[in-house]
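Below is input_20.cif, holding mmCIF, C-alpha atoms.
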```cif
data_model
#
loop_
_atom_site.label_atom_id
_atom_site.label_comp_id
_atom_site.auth_asym_id
_atom_site.auth_seq_id
_atom_site.Cartn_x
_atom_site.Cartn_y
_atom_site.Cartn_z
CA MET A 1 -16.08 -24.27 -1.95
CA ASN A 2 -13.06 -22.31 -3.23
CA ASP A 3 -12.44 -18.62 -2.55
CA GLU A 4 -13.85 -17.32 -5.85
CA ALA A 5 -17.01 -19.44 -5.54
CA LEU A 6 -17.42 -18.33 -1.94
CA ARG A 7 -16.87 -14.70 -3.02
CA LYS A 8 -19.82 -14.84 -5.40
CA GLN A 9 -22.10 -17.43 -3.84
CA ASN A 10 -22.64 -16.28 -0.31
CA THR A 11 -25.37 -14.55 1.60
CA PHE A 12 -23.13 -12.42 3.83
CA GLY A 13 -24.85 -9.20 2.79
CA ARG A 14 -28.35 -10.54 3.42
CA ASP A 15 -27.27 -12.20 6.66
CA PHE A 16 -25.80 -8.87 7.75
CA LEU A 17 -29.00 -6.95 7.03
CA THR A 18 -31.10 -9.61 8.79
CA TRP A 19 -28.78 -9.41 11.80
CA LEU A 20 -29.07 -5.59 11.75
CA ALA A 21 -32.88 -5.80 11.79
CA TYR A 22 -32.63 -8.21 14.76
CA LYS A 23 -30.14 -6.12 16.71
CA SER A 24 -31.97 -2.87 16.08
CA ASP A 25 -35.29 -4.31 17.25
CA ASP A 26 -33.81 -6.24 20.17
CA ARG A 27 -31.95 -3.21 21.52
CA ALA A 28 -34.57 -0.56 20.76
CA GLY A 29 -32.30 0.93 18.12
CA LYS A 30 -29.31 1.55 20.37
CA LEU A 31 -26.23 -0.22 19.05
CA ALA A 32 -22.60 -0.17 20.08
CA LEU A 33 -19.34 -1.11 18.43
CA ALA A 34 -16.48 -2.93 20.14
CA THR A 35 -14.75 0.46 20.34
CA GLY A 36 -17.50 1.62 22.70
CA GLU A 37 -18.99 3.96 20.14
CA THR A 38 -22.79 4.08 20.45
CA PHE A 39 -25.44 5.21 17.98
CA PHE A 40 -29.04 4.57 16.97
CA LEU A 41 -30.08 2.52 13.96
CA TRP A 42 -33.60 1.90 12.69
CA ILE A 43 -35.30 0.42 9.68
CA ASP A 44 -36.66 3.59 8.07
CA GLY A 45 -39.89 2.81 6.27
CA LYS A 46 -38.76 0.17 3.79
CA ILE A 47 -37.62 -3.43 3.96
CA VAL A 48 -37.50 -6.13 1.29
CA MET A 49 -37.19 -9.73 2.43
CA GLU A 50 -36.59 -12.71 0.23
CA ASP A 51 -36.20 -16.46 0.36
CA ASP A 52 -33.90 -17.28 -2.56
CA ARG A 53 -33.92 -21.03 -1.91
CA THR A 54 -37.02 -21.20 -4.05
CA ALA A 55 -37.26 -20.46 -7.78
CA PRO A 56 -38.47 -17.84 -8.43
CA PRO A 57 -37.42 -16.30 -5.10
CA ASN A 58 -40.28 -15.72 -2.71
CA SER A 59 -40.16 -12.11 -1.56
CA ILE A 60 -42.17 -9.64 0.45
CA SER A 61 -41.68 -5.94 0.93
CA TYR A 62 -43.00 -3.55 3.52
CA THR A 63 -43.06 0.20 3.09
CA GLY A 64 -44.36 3.11 5.12
CA ASP A 65 -44.89 3.13 8.84
CA ASP A 66 -47.37 0.32 9.10
CA PHE A 67 -45.18 -2.78 9.31
CA THR A 68 -44.16 -4.18 12.67
CA ASP A 69 -41.31 -6.23 14.10
CA GLN A 70 -43.73 -9.18 14.18
CA GLU A 71 -44.09 -9.09 10.41
CA ILE A 72 -40.31 -9.08 10.01
CA LYS A 73 -40.02 -11.96 12.48
CA ALA A 74 -42.71 -13.94 10.66
CA ALA A 75 -40.80 -13.50 7.39
CA VAL A 76 -37.53 -14.65 9.04
CA ARG A 77 -39.32 -17.68 10.51
CA ALA A 78 -40.54 -18.50 6.99
CA GLY A 79 -36.90 -18.57 5.81
CA LYS A 80 -36.65 -15.09 4.35
CA LYS A 81 -33.67 -12.81 4.78
CA VAL A 82 -33.44 -9.06 4.32
CA ARG A 83 -32.43 -8.25 0.74
CA GLU A 84 -32.50 -4.48 1.16
CA ALA A 85 -33.61 -1.97 3.72
CA ARG A 86 -33.80 1.76 4.17
CA LEU A 87 -31.85 2.57 7.30
CA ARG A 88 -31.59 5.58 9.54
CA ILE A 89 -28.51 6.01 11.68
CA GLU A 90 -28.12 8.76 14.25
CA ARG A 91 -24.81 9.37 15.92
CA GLY A 92 -24.25 12.58 17.81
CA GLU A 93 -24.97 15.40 15.39
CA ASN A 94 -24.85 13.15 12.34
CA THR A 95 -27.89 11.54 10.75
CA TRP A 96 -27.74 9.27 7.72
CA THR A 97 -30.71 7.82 5.86
CA PHE A 98 -30.02 5.50 2.96
CA THR A 99 -30.95 2.22 1.33
CA LEU A 100 -28.50 -0.64 1.79
CA ARG A 101 -28.67 -3.51 -0.68
CA GLY A 102 -27.19 -6.59 0.92
CA GLU A 103 -26.14 -8.54 -2.13
CA ARG A 104 -23.48 -6.07 -3.23
CA MET A 105 -23.40 -3.76 -0.22
CA GLU A 106 -24.57 -0.84 -2.35
CA ILE A 107 -25.62 2.43 -0.79
CA SER A 108 -28.30 4.39 -2.56
CA GLY A 109 -30.32 7.51 -1.87
CA LEU A 110 -28.03 8.62 0.95
CA LYS A 111 -29.23 11.89 2.40
CA ILE A 112 -26.36 13.86 3.83
CA ASP A 113 -27.49 16.11 6.60
CA MET A 114 -24.99 18.94 6.93
CA PRO A 115 -25.02 22.72 7.18
CA LYS A 116 -24.68 24.79 4.02
CA ALA A 117 -21.02 25.16 3.09
CA ALA A 118 -19.34 28.48 2.42
CA ASP A 119 -17.64 27.26 -0.78
CA LYS A 120 -17.22 24.20 -3.01
CA GLU A 121 -14.07 23.06 -1.22
CA GLU A 122 -15.82 23.04 2.15
CA GLN A 123 -18.82 21.36 0.60
CA PHE A 124 -16.64 18.61 -0.86
CA PHE A 125 -14.73 17.87 2.33
CA GLY A 126 -17.88 18.04 4.45
CA ARG A 127 -19.68 15.53 2.26
CA ILE A 128 -16.83 13.09 1.64
CA MET A 129 -15.94 13.00 5.34
CA ASN A 130 -19.59 12.36 6.09
CA ILE A 131 -19.67 9.50 3.56
CA GLU A 132 -16.42 8.00 4.82
CA SER A 133 -17.70 8.19 8.41
CA LEU A 134 -20.75 6.23 7.35
CA ASN A 135 -18.60 3.65 5.53
CA LYS A 136 -16.42 3.28 8.61
CA LEU A 137 -19.47 2.86 10.82
CA LEU A 138 -20.93 0.21 8.50
CA ASP A 139 -17.57 -1.59 8.37
CA GLY A 140 -17.57 -1.58 12.17
CA LEU A 141 -21.09 -2.99 12.27
CA TYR A 142 -20.19 -5.59 9.67
CA THR A 143 -17.25 -6.69 11.80
CA GLU A 144 -19.58 -6.97 14.82
CA PHE A 145 -21.89 -9.12 12.73
CA LEU A 146 -19.03 -11.38 11.62
CA MET A 147 -17.68 -11.68 15.18
CA ASP A 148 -21.16 -12.68 16.33
CA VAL A 149 -22.61 -14.83 13.55
CA HIS A 150 -19.32 -16.22 12.22
CA GLY A 151 -17.74 -16.35 15.66
CA ARG A 152 -17.13 -19.42 17.79
CA GLU A 153 -20.01 -18.74 20.16
CA TRP A 154 -22.77 -18.32 17.62
CA LYS A 155 -23.92 -21.94 17.65
CA ASP A 156 -24.15 -22.18 21.43
CA ALA A 157 -25.06 -18.68 22.56
CA GLY A 158 -25.69 -16.25 19.65
CA TYR A 159 -28.14 -18.46 17.81
CA ARG A 160 -30.13 -19.06 21.00
CA ARG A 161 -30.39 -15.33 21.65
CA PHE A 162 -31.54 -14.83 18.07
CA GLN A 163 -34.22 -17.53 18.52
CA LYS A 164 -35.37 -15.94 21.75
CA TRP A 165 -35.87 -12.63 19.90
CA LEU A 166 -37.60 -14.41 17.03
CA LYS A 167 -40.12 -16.04 19.37
CA LYS A 168 -40.76 -12.94 21.45
CA ALA A 169 -44.26 -11.54 20.80
CA MET B 1 -23.50 13.24 -9.24
CA GLY B 2 -23.74 12.97 -5.47
CA LEU B 3 -20.28 14.02 -4.47
CA TYR B 4 -21.12 17.72 -4.29
CA THR B 5 -24.90 17.89 -4.18
CA GLY B 6 -28.08 15.89 -3.71
CA SER B 7 -28.51 12.41 -2.36
CA ALA B 8 -25.65 10.03 -2.99
CA SER B 9 -25.66 6.51 -4.41
CA TYR B 10 -22.31 4.82 -4.63
CA VAL B 11 -20.29 1.65 -4.95
CA ARG B 12 -17.01 1.05 -3.13
CA TYR B 13 -13.90 -0.18 -4.93
CA ARG B 14 -10.33 -0.80 -3.87
CA LEU B 15 -7.17 -0.75 -5.94
CA VAL B 16 -5.99 -4.31 -6.54
CA GLU B 17 -2.31 -3.33 -6.75
CA ASP B 18 -0.40 -0.64 -4.89
CA GLN B 19 -0.67 2.73 -6.57
CA PRO B 20 2.58 3.98 -8.12
CA GLU B 21 4.72 6.70 -6.57
CA ARG B 22 4.21 10.21 -7.95
CA ILE B 23 0.53 9.33 -8.29
CA LYS B 24 -0.45 13.01 -8.43
CA GLU B 25 1.64 13.70 -11.55
CA ILE B 26 0.55 10.43 -13.17
CA ALA B 27 -3.12 11.15 -12.45
CA LEU B 28 -2.84 14.65 -13.95
CA GLU B 29 -1.25 13.26 -17.11
CA LYS B 30 -3.78 10.43 -17.47
CA LEU B 31 -6.83 12.55 -16.71
CA LYS B 32 -5.70 14.90 -19.46
CA GLN B 33 -4.98 12.07 -21.89
CA PHE B 34 -8.30 10.34 -21.24
CA SER B 35 -10.42 13.44 -20.79
CA PHE B 36 -13.85 13.69 -22.35
CA ARG B 37 -14.16 14.76 -25.98
CA GLU B 38 -17.45 16.04 -27.39
CA ILE B 39 -19.13 14.10 -30.17
CA GLU B 40 -18.90 16.37 -33.19
CA ALA B 41 -22.13 17.29 -34.95
CA GLY B 42 -22.66 15.58 -38.29
CA THR B 43 -20.41 12.60 -37.42
CA LEU B 44 -21.52 9.02 -36.96
CA ASN B 45 -20.01 8.59 -33.51
CA GLU B 46 -22.65 7.23 -31.17
CA LYS B 47 -20.76 7.31 -27.89
CA SER B 48 -17.97 9.19 -26.16
CA SER B 49 -16.56 8.65 -22.65
CA GLY B 50 -13.94 10.50 -20.66
CA TRP B 51 -12.99 12.35 -17.50
CA VAL B 52 -14.26 15.83 -16.69
CA SER B 53 -13.95 18.12 -13.70
CA ALA B 54 -16.24 17.10 -10.83
CA GLU B 55 -17.07 20.76 -10.32
CA ASN B 56 -17.94 21.54 -13.92
CA MET B 57 -18.95 18.90 -16.45
CA ALA B 58 -18.01 21.18 -19.35
CA SER B 59 -14.45 21.50 -18.09
CA THR B 60 -12.35 18.83 -19.77
CA PHE B 61 -8.95 20.49 -19.44
CA PHE B 62 -6.83 18.97 -16.73
CA ASP B 63 -4.15 21.65 -16.84
CA ASP B 64 -3.77 21.94 -13.09
CA LEU B 65 -4.29 19.94 -9.92
CA HIS B 66 -7.81 21.23 -9.21
CA PHE B 67 -8.97 17.58 -8.96
CA CYS B 68 -6.50 16.94 -6.14
CA LYS B 69 -7.98 17.59 -2.72
CA GLU B 70 -5.51 15.94 -0.37
CA PRO B 71 -5.76 13.03 0.22
CA TYR B 72 -8.50 12.67 -2.41
CA PHE B 73 -8.74 12.92 -6.17
CA ALA B 74 -12.21 14.05 -7.26
CA PHE B 75 -13.30 13.96 -10.88
CA SER B 76 -16.23 12.70 -12.95
CA LEU B 77 -16.80 10.22 -15.72
CA ARG B 78 -18.91 11.70 -18.50
CA ILE B 79 -20.56 9.38 -20.99
CA ASP B 80 -22.43 10.92 -23.92
CA VAL B 81 -24.60 8.62 -25.99
CA ARG B 82 -26.61 9.30 -29.12
CA ARG B 83 -29.69 7.14 -29.15
CA VAL B 84 -32.06 6.66 -32.05
CA PRO B 85 -35.56 6.08 -30.65
CA GLY B 86 -37.12 2.89 -32.02
CA LEU B 87 -40.30 4.65 -33.11
CA ALA B 88 -38.37 7.41 -34.94
CA MET B 89 -36.42 4.70 -36.78
CA LYS B 90 -39.65 2.90 -37.70
CA ALA B 91 -41.32 6.08 -38.97
CA ALA B 92 -38.28 7.08 -41.05
CA MET B 93 -38.03 3.57 -42.54
CA LEU B 94 -41.69 3.56 -43.55
CA ARG B 95 -41.24 6.96 -45.20
CA GLU B 96 -38.19 5.72 -47.14
CA GLU B 97 -40.00 2.53 -48.16
CA ILE B 98 -42.81 4.59 -49.69
CA LYS B 99 -40.26 6.67 -51.62
CA TYR B 100 -38.47 3.49 -52.76
CA LYS B 101 -41.70 1.90 -54.03
CA LYS B 102 -42.62 5.07 -55.95
CA THR B 103 -39.17 5.32 -57.54
CA THR B 104 -38.77 1.65 -58.46
CA GLY B 105 -42.41 0.81 -59.15
CA LEU B 106 -41.98 -2.34 -57.02
CA GLU B 107 -44.60 -3.41 -54.51
CA VAL B 108 -42.13 -4.79 -51.97
CA VAL B 109 -38.67 -3.68 -50.95
CA ARG B 110 -35.94 -6.16 -51.90
CA LYS B 111 -34.07 -7.66 -48.92
CA LYS B 112 -30.66 -6.21 -49.86
CA ASP B 113 -32.21 -2.80 -50.64
CA ARG B 114 -33.99 -2.85 -47.31
CA ASP B 115 -30.67 -3.40 -45.52
CA VAL B 116 -29.08 -0.50 -47.42
CA LEU B 117 -32.08 1.74 -46.66
CA LYS B 118 -31.95 0.78 -43.00
CA ASP B 119 -28.28 1.72 -42.76
CA GLN B 120 -28.87 5.06 -44.51
CA VAL B 121 -31.85 5.91 -42.31
CA ARG B 122 -30.00 4.99 -39.14
CA GLN B 123 -26.92 7.02 -40.11
CA ASP B 124 -29.08 10.00 -40.98
CA LEU B 125 -30.88 9.85 -37.64
CA VAL B 126 -27.61 9.39 -35.70
CA ARG B 127 -26.13 12.47 -37.42
CA ARG B 128 -29.17 14.53 -36.48
CA SER B 129 -29.63 13.30 -32.90
CA LEU B 130 -28.22 15.15 -29.93
CA PRO B 131 -25.89 13.28 -27.55
CA VAL B 132 -27.41 12.67 -24.12
CA PRO B 133 -24.81 13.16 -21.37
CA ALA B 134 -24.57 11.13 -18.18
CA LEU B 135 -22.27 12.15 -15.38
CA PHE B 136 -20.84 10.02 -12.56
CA ASP B 137 -18.62 11.38 -9.79
CA VAL B 138 -15.49 9.56 -8.68
CA CYS B 139 -13.63 10.03 -5.40
CA TRP B 140 -10.27 8.29 -4.97
CA ASN B 141 -8.75 8.21 -1.51
CA THR B 142 -5.03 7.99 -2.23
CA VAL B 143 -4.19 7.02 1.36
CA THR B 144 -6.55 4.07 1.75
CA GLY B 145 -6.64 3.09 -1.94
CA GLU B 146 -10.44 3.09 -1.83
CA VAL B 147 -12.35 4.53 -4.76
CA LEU B 148 -16.01 5.55 -4.64
CA PHE B 149 -18.03 5.56 -7.84
CA PHE B 150 -21.26 7.49 -7.53
CA SER B 151 -23.72 5.26 -9.31
CA THR B 152 -25.18 1.84 -8.65
CA SER B 153 -26.04 1.22 -12.32
CA ALA B 154 -24.43 -2.05 -13.45
CA ALA B 155 -23.66 -0.70 -16.93
CA ALA B 156 -22.11 2.52 -15.59
CA ASN B 157 -20.01 0.57 -13.07
CA GLU B 158 -18.75 -1.77 -15.76
CA GLU B 159 -17.82 1.14 -18.02
CA PHE B 160 -16.13 2.92 -15.11
CA ALA B 161 -13.90 -0.02 -14.09
CA VAL B 162 -12.80 -0.53 -17.70
CA TRP B 163 -12.14 3.19 -18.30
CA PHE B 164 -10.25 3.52 -15.01
CA LEU B 165 -7.97 0.59 -15.91
CA ARG B 166 -7.43 1.96 -19.41
CA SER B 167 -6.62 5.42 -18.08
CA PHE B 168 -4.47 4.73 -15.02
CA GLY B 169 -3.35 1.15 -15.66
CA LEU B 170 -4.78 0.25 -12.24
CA LYS B 171 -7.26 -2.55 -11.73
CA LEU B 172 -10.19 -1.97 -9.39
CA ALA B 173 -12.04 -4.61 -7.40
CA ARG B 174 -15.51 -3.98 -6.16
CA LEU B 175 -15.82 -4.36 -2.39
CA LEU B 176 -18.38 -7.13 -2.09
CA PRO B 177 -19.58 -8.46 1.28
CA TYR B 178 -17.07 -11.32 1.00
CA ASP B 179 -14.17 -8.90 0.45
CA LEU B 180 -15.27 -6.72 3.35
CA ALA B 181 -15.35 -9.89 5.46
CA GLY B 182 -11.76 -10.62 4.40
CA VAL B 183 -10.69 -7.12 5.46
CA ALA B 184 -12.46 -7.57 8.81
CA ALA B 185 -10.89 -11.01 9.33
CA GLU B 186 -7.39 -9.56 8.73
CA LYS B 187 -7.93 -6.96 11.43
CA ASN B 188 -9.82 -9.15 13.90
CA PRO B 189 -8.49 -12.62 14.72
CA GLY B 190 -11.89 -13.55 16.21
CA VAL B 191 -13.52 -13.49 12.78
CA GLU B 192 -13.43 -16.80 10.93
CA ILE B 193 -15.23 -17.03 7.62
CA ARG B 194 -16.08 -20.68 7.31
CA PHE B 195 -19.38 -20.98 5.54
CA PRO B 196 -21.14 -19.17 2.68
CA THR B 197 -24.48 -18.72 4.41
CA VAL B 198 -26.11 -18.69 7.82
CA SER B 199 -29.40 -20.24 8.73
CA PHE B 200 -31.39 -18.22 11.19
CA THR B 201 -34.09 -20.82 11.60
CA ASP B 202 -32.97 -24.43 11.65
CA GLU B 203 -29.69 -25.01 13.51
#
```

Take the structure in the file and give it back as structure tokens.
Amino acid sequence: MNDEALRKQNTFGRDFLTWLAYKSDDRAGKLALATGETFFLWIDGKIVMEDDRTAPPNSISYTGDDFTDQEIKAAVRAGKKVREARLRIERGENTWTFTLRGERMEISGLKIDMPKAADKEEQFFGRIMNIESLNKLLDGLYTEFLMDVHGREWKDAGYRRFQKWLKKA
Amino acid sequence: MGLYTGSASYVRYRLVEDQPERIKEIALEKLKQFSFREIEAGTLNEKSSGWVSAENMASTFFDDLHFCKEPYFAFSLRIDVRRVPGLAMKAAMLREEIKYKKTTGLEVVRKKDRDVLKDQVRQDLVRRSLPVPALFDVCWNTVTGEVLFFSTSAAANEEFAVWFLRSFGLKLARLLPYDLAGVAAEKNPGVEIRFPTVSFTDE
């Protein structure tokens, strides 16, 4: 597969979201980057999972507070991956809630939690720095995902750990 | 919308080529040149696109560097569209057909006359309809070369990338998961992108 084909025909975004759901559940929400930075990440009331190997794609979505990790695991076991999820990230004083769509790594409905600014300039810088912090955090998480799932040890160690989580009741 | 208030939805882009030197002066000139122009009442123009101030959608004069907030440029893309509702078109056509039949004494409208009538009705409705504005914030980080476009609509994103290229002569590439993986691989030798998908169930 050449670079352009690989650019368009890959499931990196969905794999990333599926890995996030696994890590968040496996570590009770507490995640860390290679830099040592720690934060909390949860699925926040919405997840859409899809198996696109079938036509039409077979999908299932859960909303509200009623779905459990077991339902997500059952969907993964059935071959589904996370297409989009509403996430909540808490790091220090910052909280971000937003929907991440895996396919194109789109952010939507991001709620920016910050104190009321004194003027437009302060408002702008407060918000854009908040957004860029989130982007940086997501880039860091994405790198962690690539190091793990696309790393040399995935087949022998990472995949086994994932299976252990998948089978855990 | 989203850069200053409310919840934010956005797509990340990066500049494909290096941005030119004196980017501030060039941006000021191009924002002015490609600024938004109102659709004049009574004309047949159905669409108008252009840059406006991110702080005030009615402000289309880029006479100073108010858009420059080191190291960012913040402005908005405004797209006004006049739309003729399908039902309004149908009602007006039926009314004109009745008039036509009365005037000509014919029971059916001839094909070529119908086409002429349709054009006249459409033009009349376009002239009378108000443009509906849509506003999308843009934030350009001139240090990293990353550009955020505050909408996830496919049509708006397409229009934005084309208008940006036309205005600044700079091509944008959307940061897709594959591109982000390339960036990560450059920075981290441990990352090797070898396969397009991962199976979580049958290795």

(request) Decode the PyMOL selection byres ((chain B) within 10 of (chain A)) for the given file into explicit residues and return them as a PyMOL selection string. (result) chain B and resi 2-12+55+69-70+72+74+139+141+148+150-152+174-185+187-203

(request) Work out how far atom CA of Phe36 of chain B is from atom CA of Ser167 of chain B, in Å to one decimal. (result)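 Those two atoms sit 11.8 Å apart.
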
(message) Using only C-alpha atoms for the distances, tell me which of B:Val16, B:Met93, B:Leu170, B:Leu125 is nearest to Asp113 of chain B.
(response)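 Of the candidates, the smallest distance to Asp113 of chain B is held by B:Met93.
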
(message) When you look at Gly169 of chain B with a cut-off of 12 Å (counting only C-alpha atoms), what residues show up, excluding the ones that are within fewer than 2 positions of it in the same chain? I need them as a list in words.
(response) Leu15, Val16, Glu17, Asp18, Gln19, Pro20, Ile23, Ile26, Ala27, Lys30, Leu31, Phe34, Ala161, Val162, Trp163, Phe164, Leu165, Arg166, Ser167, Lys171 and Leu172 of chain B

Written file, previous selection with C-alpha atoms, as a compact mmCIF listing (two decimals), in the frame of the given file:
```txt
# COMPACT_ATOMS: atom_id res chain seq x y z
CA LEU B 15 -7.17 -0.75 -5.94
CA VAL B 16 -5.99 -4.31 -6.54
CA GLU B 17 -2.31 -3.33 -6.75
CA ASP B 18 -0.40 -0.64 -4.89
CA GLN B 19 -0.67 2.73 -6.57
CA PRO B 20 2.58 3.98 -8.12
CA ILE B 23 0.53 9.33 -8.29
CA ILE B 26 0.55 10.43 -13.17
CA ALA B 27 -3.12 11.15 -12.45
CA LYS B 30 -3.78 10.43 -17.47
CA LEU B 31 -6.83 12.55 -16.71
CA PHE B 34 -8.30 10.34 -21.24
CA ALA B 161 -13.90 -0.02 -14.09
CA VAL B 162 -12.80 -0.53 -17.70
CA TRP B 163 -12.14 3.19 -18.30
CA PHE B 164 -10.25 3.52 -15.01
CA LEU B 165 -7.97 0.59 -15.91
CA ARG B 166 -7.43 1.96 -19.41
CA SER B 167 -6.62 5.42 -18.08
CA LYS B 171 -7.26 -2.55 -11.73
CA LEU B 172 -10.19 -1.97 -9.39
```

(request) Using all atoms listed in the file, determine which residues lie at most 10 Å from Glu96 of chain B, disregarding the query and same-chain residues fewer than 2 positions distant; provide the list as a PyMOL selection string. (result) chain B and resi 90-94+98-102+114+117-118+120-121

(message) As a check of understanding, name the residues that the PyMOL selection byres ((chain A and resi 38) around 12) selects in the supplied structure, as a list in words.
(response)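 Answer for the PyMOL selection byres ((chain A and resi 38) around 12): Arg27, Gly29, Lys30, Leu31, Ala32, Leu33, Ala34, Thr35, Gly36, Glu37, Phe39, Phe40, Leu41, Ile89, Glu90, Arg91, Gly92, Leu137, Gly140 and Leu141 of chain A.
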
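Going from atom CA of Ser48 of chain B over to atom CA of Arg128 of chain B, you cover 16.1 Å.
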
Take every atom of segment 172-175 of chain B listed in the file, fit an axis-aligned box around them, add 3 Å per side, and give the centre and edge lengths in Å to one decimal as lines of an AutoDock Vina configuration file.
```
center_x = -13.0
center_y = -3.3
center_z = -5.9
size_x = 11.6
size_y = 8.6
size_z = 13.0
```
